[in-house]
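Trainee: Contents are mmCIF, C-alpha atoms; file name protein-v9.cif:
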data_input
loop_
_atom_site.label_atom_id
_atom_site.label_comp_id
_atom_site.auth_asym_id
_atom_site.auth_seq_id
_atom_site.Cartn_x
_atom_site.Cartn_y
_atom_site.Cartn_z
CA MET A 18 -5.44 -22.06 -8.97
CA PRO A 19 -5.88 -18.25 -8.84
CA VAL A 20 -4.12 -16.23 -6.17
CA PRO A 21 -6.56 -15.24 -3.37
CA LEU A 22 -7.06 -11.46 -3.65
CA PHE A 23 -8.41 -11.02 -0.11
CA LYS A 24 -6.82 -12.01 3.19
CA TYR A 25 -8.16 -11.77 6.73
CA PHE A 26 -5.95 -11.35 9.81
CA PRO A 27 -7.16 -12.10 13.35
CA GLU A 28 -6.34 -9.82 16.27
CA ASN A 29 -2.69 -9.60 17.27
CA HIS A 30 -2.66 -10.53 20.96
CA ALA A 31 1.12 -10.40 21.24
CA GLY A 32 2.06 -6.99 19.85
CA ARG A 33 1.10 -3.98 17.75
CA ASP A 34 -0.16 -3.54 14.19
CA PHE A 35 0.92 -0.78 11.80
CA ILE A 36 0.05 0.21 8.23
CA ILE A 37 2.69 1.89 6.06
CA GLY A 38 1.85 4.26 3.21
CA ASP A 39 3.16 4.02 -0.35
CA LEU A 40 6.85 3.12 -0.04
CA HIS A 41 8.05 3.52 -3.62
CA GLY A 42 11.48 2.10 -2.86
CA MET A 43 12.08 4.10 0.33
CA PHE A 44 13.07 1.04 2.34
CA GLU A 45 15.90 2.67 4.28
CA THR A 46 13.45 5.35 5.41
CA LEU A 47 11.04 2.59 6.44
CA GLU A 48 13.75 1.04 8.59
CA GLN A 49 14.33 4.41 10.25
CA LEU A 50 10.62 4.77 10.94
CA MET A 51 10.48 1.25 12.38
CA ASP A 52 13.35 2.16 14.70
CA GLN A 53 11.50 5.34 15.64
CA VAL A 54 8.46 3.37 16.86
CA GLY A 55 10.51 0.54 18.40
CA PHE A 56 9.08 -2.05 16.02
CA ASN A 57 9.43 -5.58 17.43
CA THR A 58 9.72 -8.12 14.60
CA GLU A 59 8.85 -10.96 17.00
CA GLN A 60 5.48 -9.49 18.03
CA ASP A 61 4.45 -6.57 15.80
CA ARG A 62 2.94 -6.71 12.29
CA LEU A 63 3.41 -4.25 9.44
CA PHE A 64 0.88 -4.01 6.62
CA SER A 65 1.56 -2.18 3.34
CA VAL A 66 -1.04 -0.44 1.18
CA GLY A 67 1.04 -1.34 -1.89
CA ASP A 68 3.26 0.58 -4.31
CA LEU A 69 6.38 -0.91 -2.80
CA VAL A 70 8.45 -0.13 -5.90
CA ASP A 71 9.28 2.62 -8.43
CA ARG A 72 10.42 6.24 -8.04
CA GLY A 73 12.53 5.75 -4.89
CA PRO A 74 16.14 4.58 -4.68
CA GLN A 75 15.83 1.02 -3.30
CA SER A 76 13.05 -0.72 -5.19
CA GLU A 77 15.23 -3.81 -5.68
CA ARG A 78 15.01 -4.46 -1.90
CA VAL A 79 11.35 -5.41 -2.24
CA LEU A 80 12.11 -9.15 -1.96
CA GLU A 81 13.96 -8.60 1.29
CA PHE A 82 10.81 -7.23 2.92
CA LEU A 83 8.30 -9.53 1.25
CA GLY A 84 10.26 -12.44 2.70
CA GLN A 85 9.70 -11.29 6.29
CA PRO A 86 6.95 -13.02 8.32
CA TRP A 87 5.94 -9.72 9.97
CA PHE A 88 5.49 -7.84 6.65
CA HIS A 89 2.22 -8.15 4.71
CA ALA A 90 1.76 -6.20 1.47
CA LEU A 91 -0.98 -5.53 -1.04
CA GLN A 92 -0.41 -5.28 -4.77
CA GLY A 93 -0.64 -1.61 -5.75
CA ASN A 94 -0.93 -0.15 -9.23
CA HIS A 95 2.86 0.07 -9.57
CA GLU A 96 3.21 -3.64 -8.87
CA LYS A 97 0.48 -4.18 -11.46
CA LEU A 98 2.40 -2.04 -13.98
CA LEU A 99 5.51 -4.13 -13.44
CA LEU A 100 3.57 -7.34 -14.03
CA GLN A 101 1.72 -5.98 -17.06
CA SER A 102 4.96 -4.70 -18.57
CA GLN A 103 6.17 -8.26 -19.00
CA ASP A 104 3.52 -8.86 -21.68
CA SER A 105 3.29 -5.43 -23.27
CA GLU A 106 6.08 -3.42 -24.89
CA ALA A 107 3.93 -0.29 -24.70
CA VAL A 108 3.36 -0.69 -20.94
CA PHE A 109 7.05 -1.52 -20.44
CA LYS A 110 8.13 1.64 -22.26
CA ALA A 111 5.66 3.87 -20.42
CA TRP A 112 6.48 2.33 -17.04
CA THR A 113 10.27 2.47 -17.33
CA GLU A 114 10.37 5.93 -18.94
CA ARG A 115 7.60 7.83 -17.16
CA ALA A 116 6.28 5.91 -14.16
CA GLY A 117 9.40 5.31 -12.09
CA GLY A 118 10.30 1.88 -13.42
CA ALA A 119 13.80 2.71 -14.72
CA TRP A 120 15.35 0.78 -11.80
CA TRP A 121 14.10 -2.46 -13.44
CA LEU A 122 16.57 -2.04 -16.31
CA MET A 123 19.44 -2.62 -13.86
CA VAL A 124 18.03 -5.76 -12.21
CA GLU A 125 19.55 -9.14 -13.09
CA ASP A 126 17.35 -11.70 -14.81
CA ASP A 127 17.21 -14.20 -11.92
CA LYS A 128 16.19 -11.49 -9.47
CA ARG A 129 13.62 -10.19 -11.96
CA ALA A 130 12.01 -13.62 -12.05
CA ALA A 131 11.87 -13.77 -8.25
CA ILE A 132 10.33 -10.30 -8.01
CA ILE A 133 7.71 -11.10 -10.65
CA SER A 134 6.78 -14.29 -8.80
CA ALA A 135 6.49 -12.54 -5.44
CA LEU A 136 4.47 -9.57 -6.70
CA SER A 137 2.07 -11.78 -8.64
CA GLU A 138 1.11 -13.53 -5.39
CA LEU A 139 0.12 -10.38 -3.51
CA PRO A 140 -3.56 -9.87 -2.61
CA MET A 141 -5.53 -6.66 -3.23
CA ALA A 142 -7.42 -6.30 0.06
CA PHE A 143 -6.87 -7.02 3.76
CA GLU A 144 -9.17 -7.03 6.75
CA ILE A 145 -7.71 -6.99 10.25
CA THR A 146 -9.46 -7.43 13.58
CA THR A 147 -8.01 -4.92 16.05
CA ALA A 148 -8.77 -3.32 19.41
CA THR A 149 -9.78 -0.19 17.45
CA GLY A 150 -12.28 -2.01 15.21
CA GLN A 151 -12.41 -3.87 11.92
CA ILE A 152 -9.79 -2.35 9.64
CA GLY A 153 -9.84 -2.79 5.86
CA ILE A 154 -6.94 -1.95 3.56
CA VAL A 155 -6.93 -1.44 -0.20
CA HIS A 156 -4.44 0.43 -2.31
CA ALA A 157 -6.73 3.07 -3.83
CA ASP A 158 -10.50 2.93 -3.18
CA ILE A 159 -13.64 0.84 -3.53
CA PRO A 160 -16.72 1.86 -5.53
CA ILE A 161 -19.09 4.36 -3.91
CA GLY A 162 -22.26 2.68 -2.69
CA LEU A 163 -20.69 -0.77 -2.40
CA ASP A 164 -20.34 -2.13 1.10
CA TRP A 165 -17.20 -3.85 2.31
CA LYS A 166 -18.61 -7.39 2.38
CA ALA A 167 -19.93 -7.10 -1.17
CA PHE A 168 -16.58 -5.72 -2.30
CA VAL A 169 -14.68 -8.60 -0.71
CA LYS A 170 -17.12 -11.14 -2.15
CA GLY A 171 -16.82 -9.78 -5.70
CA LEU A 172 -13.13 -8.89 -5.76
CA GLN A 173 -11.77 -12.28 -6.80
CA ASP A 174 -13.64 -12.52 -10.09
CA ASP A 175 -14.54 -8.93 -10.98
CA GLU A 176 -11.83 -7.19 -12.98
CA GLU A 177 -13.58 -3.82 -12.65
CA LEU A 178 -13.44 -4.11 -8.86
CA GLN A 179 -9.79 -5.07 -9.05
CA GLN A 180 -9.00 -2.05 -11.19
CA HIS A 181 -10.97 0.21 -8.87
CA ALA A 182 -9.08 -1.15 -5.85
CA GLN A 183 -5.72 -0.37 -7.46
CA TRP A 184 -6.35 2.79 -9.49
CA SER A 185 -9.44 4.78 -8.45
CA ARG A 186 -9.25 8.26 -6.92
CA LEU A 187 -13.00 8.84 -6.94
CA ARG A 188 -13.42 9.59 -3.25
CA HIS A 189 -10.25 11.68 -3.27
CA HIS A 190 -11.88 13.88 -5.91
CA TYR A 191 -14.56 14.69 -3.32
CA ILE A 192 -11.79 15.86 -1.00
CA SER A 193 -10.24 18.01 -3.73
CA ALA A 194 -13.64 19.57 -4.39
CA LYS A 195 -14.14 20.14 -0.63
CA GLU A 196 -17.25 17.99 -0.69
CA THR A 197 -18.39 15.36 1.82
CA VAL A 198 -16.63 12.06 1.24
CA PRO A 199 -18.97 9.05 0.95
CA LYS A 200 -18.43 6.50 3.71
CA VAL A 201 -17.60 2.84 3.02
CA PRO A 202 -20.38 0.80 4.69
CA GLY A 203 -19.60 -2.40 6.57
CA ILE A 204 -16.10 -1.62 7.84
CA ASP A 205 -14.99 0.57 10.74
CA LEU A 206 -12.02 2.07 8.93
CA LEU A 207 -10.62 1.71 5.41
CA VAL A 208 -6.94 2.65 5.03
CA VAL A 209 -5.72 3.61 1.55
CA GLY A 210 -2.71 5.01 -0.26
CA HIS A 211 -2.38 5.93 -3.95
CA SER A 212 -3.70 9.50 -3.67
CA ILE A 213 -1.05 11.82 -2.24
CA VAL A 214 -2.16 14.02 0.65
CA ASP A 215 -0.29 16.84 2.38
CA LYS A 216 -0.63 15.03 5.69
CA PRO A 217 -2.46 11.90 6.86
CA LEU A 218 -6.14 12.54 6.31
CA LEU A 219 -9.21 10.98 7.90
CA ALA A 220 -12.30 11.57 5.73
CA ALA A 221 -15.55 9.77 6.62
CA ASN A 222 -14.20 6.33 7.54
CA LEU A 223 -11.23 6.41 5.14
CA TYR A 224 -7.67 7.15 6.19
CA TYR A 225 -5.37 8.43 3.43
CA ILE A 226 -1.72 7.78 4.30
CA ASP A 227 0.26 8.33 1.08
CA THR A 228 2.26 11.46 1.93
CA GLY A 229 4.55 11.35 -1.12
CA ALA A 230 7.59 9.69 0.46
CA ALA A 231 9.50 9.36 -2.83
CA TYR A 232 8.50 12.73 -4.31
CA ILE A 233 11.46 14.53 -2.77
CA ALA A 234 12.20 16.67 -5.84
CA HIS A 235 8.59 17.68 -6.49
CA GLY A 236 8.32 20.64 -4.11
CA ILE A 237 6.12 18.93 -1.50
CA ASP A 238 6.69 18.09 2.15
CA SER A 239 7.66 14.49 1.39
CA ARG A 240 7.09 12.12 4.28
CA LEU A 241 6.66 8.43 4.89
CA THR A 242 3.61 7.82 7.06
CA MET A 243 2.84 4.86 9.29
CA LEU A 244 -0.56 4.44 10.97
CA GLN A 245 -0.70 2.34 14.11
CA ILE A 246 -4.07 0.58 14.28
CA HIS A 247 -3.62 -1.77 17.25
CA PRO A 248 -3.94 -1.71 20.21
CA LYS A 249 -4.47 2.05 19.75
CA ARG A 250 -4.66 4.34 16.74
CA GLU A 251 -1.73 6.71 16.27
CA ILE A 252 0.14 8.39 13.40
CA HIS A 253 3.92 8.20 13.00
CA ASP A 254 5.89 9.77 10.18
CA ILE A 255 9.37 10.71 9.06
CA LYS A 256 10.50 13.39 6.63
CA THR A 257 12.15 12.12 3.45
CA GLY A 258 13.01 15.45 1.80
CA SER A 259 15.90 17.74 2.69
CA GLU A 260 15.47 20.08 5.62
#
Could you show the structure in this file as structure tokens?
Mentor:
Amino acid sequence: MPVPLFKYFPENHAGRDFIIGDLHGMFETLEQLMDQVGFNTEQDRLFSVGDLVDRGPQSERVLEFLGQPWFHALQGNHEKLLLQSQDSEAVFKAWTERAGGAWWLMVEDDKRAAIISALSELPMAFEITTATGQIGIVHADIPIGLDWKAFVKGLQDDEELQQHAQWSRLRHHYISAKETVPKVPGIDLLVVGHSIVDKPLLAANLYYIDTGAAYIAHGIDSRLTMLQIHPKREIHDIKTGSE
């Protein structure tokens, strides 16, 4: 039976909901940010836009977080690369040499198997009912002109939609060109990662929250960003580069 690629979450009546940007192995920084907001693991929920692994120093901790009942993650393009690399020497070489996957070479076989199993079960889209509206999450983007319900309906069986959800930067190109970003119909807010922004960016009804947490040596203001979506909307972040 195929893994369900969409998951719906009802409103959290006990605590708060947060969405974390691309982690890329920065799990210690995530813990610091959770402390900063007073995250309560008994009541609060944390959703991830994906790209849990690669580039950063603690990618092997991914299982530790995926095993927590309060942590809910999507499969980003870097999780997809890891999975695809198991069946393709070319992908494996490109991923481990140029896409941040070198950490995998140091992981023991039994842990590799557990990571592969866990990542292969991750969905590609979430919808959450909150006090601030209906919130959708995908890693990258959804096609322009397609409404949220049609996207969710087609995601399971449409490989083009799946690839778009994990890889596309089409709407971000509008931002780069200083043009109006097309809205996603049928959802109050769509939160995405994948495309690095200087600071959290709200464009139309999309919120970009990948602020390059693991790109410390790339000359940018590297930060890990967390967006609170329930019961109010608020941005929290923490610097990951040197002062």
Trainee: On this structure, the PyMOL selection byres ((chain A and resi 203) around 10) would catch which residues? List them as number ranges by chain, sorted by chain and number.
Mentor: A: 151, 153, 163-168, 200-202, 204-207
Trainee: Please provide the set of residues having any atom within 9 Å of Val214 in chain A, restricted to all atoms listed in the file, with same-chain residues fewer than 5 positions apart removed, written as a list in words.
Mentor: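 Answer for this query is Tyr225, Ile226, Asp227, Thr228 and Gly229 of chain A.
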Trainee: With the PyMOL selection byres ((chain A and resi 103-112) around 12) as the selection, what would be picked from this file? Answer as a ChimeraX atom specification, please.
Mentor: /A:70-72,94-102,113-122,129-130,132-134,137
Trainee: Can you spit out the residues from that selection as a CSV table (one decimal), in the coordinates of the input, using C-alpha atoms?
Mentor:
chain,number,residue,atom,x,y,z
A,70,VAL,CA,8.4,-0.1,-5.9
A,71,ASP,CA,9.3,2.6,-8.4
A,72,ARG,CA,10.4,6.2,-8.0
A,94,ASN,CA,-0.9,-0.2,-9.2
A,95,HIS,CA,2.9,0.1,-9.6
A,96,GLU,CA,3.2,-3.6,-8.9
A,97,LYS,CA,0.5,-4.2,-11.5
A,98,LEU,CA,2.4,-2.0,-14.0
A,99,LEU,CA,5.5,-4.1,-13.4
A,100,LEU,CA,3.6,-7.3,-14.0
A,101,GLN,CA,1.7,-6.0,-17.1
A,102,SER,CA,5.0,-4.7,-18.6
A,113,THR,CA,10.3,2.5,-17.3
A,114,GLU,CA,10.4,5.9,-18.9
A,115,ARG,CA,7.6,7.8,-17.2
A,116,ALA,CA,6.3,5.9,-14.2
A,117,GLY,CA,9.4,5.3,-12.1
A,118,GLY,CA,10.3,1.9,-13.4
A,119,ALA,CA,13.8,2.7,-14.7
A,120,TRP,CA,15.4,0.8,-11.8
A,121,TRP,CA,14.1,-2.5,-13.4
A,122,LEU,CA,16.6,-2.0,-16.3
A,129,ARG,CA,13.6,-10.2,-12.0
A,130,ALA,CA,12.0,-13.6,-12.0
A,132,ILE,CA,10.3,-10.3,-8.0
A,133,ILE,CA,7.7,-11.1,-10.6
A,134,SER,CA,6.8,-14.3,-8.8
A,137,SER,CA,2.1,-11.8,-8.6
Trainee: Which of these, A:Glu125, A:Asp52, A:Ala131, A:Asp158, has the shortest distance to Leu83 in chain A once you count all atoms listed in the file?
Mentor: A:Ala131
Trainee: Here is a test: counting only C-alpha atoms, which residue of A:Val20, A:Ile161, A:Ile213, A:Met43 is nearest to Asp238 in chain A?
Mentor: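 Ranking A:Val20, A:Ile161, A:Ile213, A:Met43 by distance to Asp238 in chain A, first place goes to A:Ile213.
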Trainee: What's the 10 Å shell around Gln173 in chain A, counting all atoms listed in the file, without same-chain residues fewer than 5 positions away, as a list of chain:residue names?
Mentor: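 Residues meeting the cut-off are A:Pro19, A:Val20, A:Pro21, A:Leu22, A:Phe23, A:Pro140, A:Met141, A:Phe168, A:Leu178, A:Gln179.
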Trainee: Taking into account only C-alpha atoms, which residue in the set A:Glu48, A:Glu144, A:Glu177, A:Asp254 is nearest to Pro27 in chain A?
Mentor: A:Glu144
Trainee: Between CA of Leu172 in chain A and CA of Leu47 in chain A, what is the spacing in Å?
Mentor: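 A separation of 29.4 Å between them.
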Trainee: Which residues are near Ser239 in chain A? Cut-off 12 Å, only C-alpha atoms, ignore same chain within fewer than 5 positions. Put them as a list in words.
Mentor: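 Final neighbour list, sorted by chain and number: Gly38, Asp39, Leu40, Met43, Thr46, Gly73, Ile213, Val214, Asp215, Lys216, Pro217, Ile226, Asp227, Thr228, Gly229, Ala230, Ala231, Tyr232, Ile233, Ala234, Asp254, Ile255, Lys256, Thr257, Gly258, Ser259 and Glu260 of chain A.
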Trainee: Tell me, as a list in words, which residues lie within 8 Å of Val155 in chain A, counting all atoms listed in the file; anything in the same chain fewer than 5 positions away does not count.
Mentor: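 Returned residues: Val66, Leu91, Met141, Ala142, Phe143, Ala182, Gln183, Leu207, Val208, Val209 and Gly210 of chain A.
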Trainee: I'd like to see the residues matched by the PyMOL selection byres ((chain A and resi 26) around 7) on this file, and ideally I'd get them as an MDAnalysis selection string.
Mentor: chainID A and resid 24:25 27:28 144:146
Trainee: Can you work out the spacing between CA of Leu69 in chain A and CA of Met123 in chain A in Å, to one decimal?
Mentor: 17.2 Å
Trainee: Limit the output to C-alpha atoms and give range 34-50 of chain A as a PDB file, in the first residue's frame.
Mentor:
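Generated output (decode-v5.pdb):
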ATOM      1  CA  ASP A  34       1.647  25.050  16.649  1.00  0.00           C
ATOM      2  CA  PHE A  35       4.937  25.995  14.991  1.00  0.00           C
ATOM      3  CA  ILE A  36       6.531  25.404  11.585  1.00  0.00           C
ATOM      4  CA  ILE A  37      10.319  25.126  11.305  1.00  0.00           C
ATOM      5  CA  GLY A  38      12.251  26.036   8.163  1.00  0.00           C
ATOM      6  CA  ASP A  39      14.807  23.839   6.406  1.00  0.00           C
ATOM      7  CA  LEU A  40      16.890  22.256   9.183  1.00  0.00           C
ATOM      8  CA  HIS A  41      19.700  20.624   7.206  1.00  0.00           C
ATOM      9  CA  GLY A  42      21.117  18.882  10.256  1.00  0.00           C
ATOM     10  CA  MET A  43      20.985  21.901  12.585  1.00  0.00           C
ATOM     11  CA  PHE A  44      19.227  19.987  15.344  1.00  0.00           C
ATOM     12  CA  GLU A  45      21.137  21.524  18.245  1.00  0.00           C
ATOM     13  CA  THR A  46      20.117  24.955  16.961  1.00  0.00           C
ATOM     14  CA  LEU A  47      16.526  23.720  16.761  1.00  0.00           C
ATOM     15  CA  GLU A  48      16.687  22.702  20.407  1.00  0.00           C
ATOM     16  CA  GLN A  49      17.955  26.172  21.303  1.00  0.00           C
ATOM     17  CA  LEU A  50      15.104  27.763  19.381  1.00  0.00           C
TER      18      LEU A  50
END
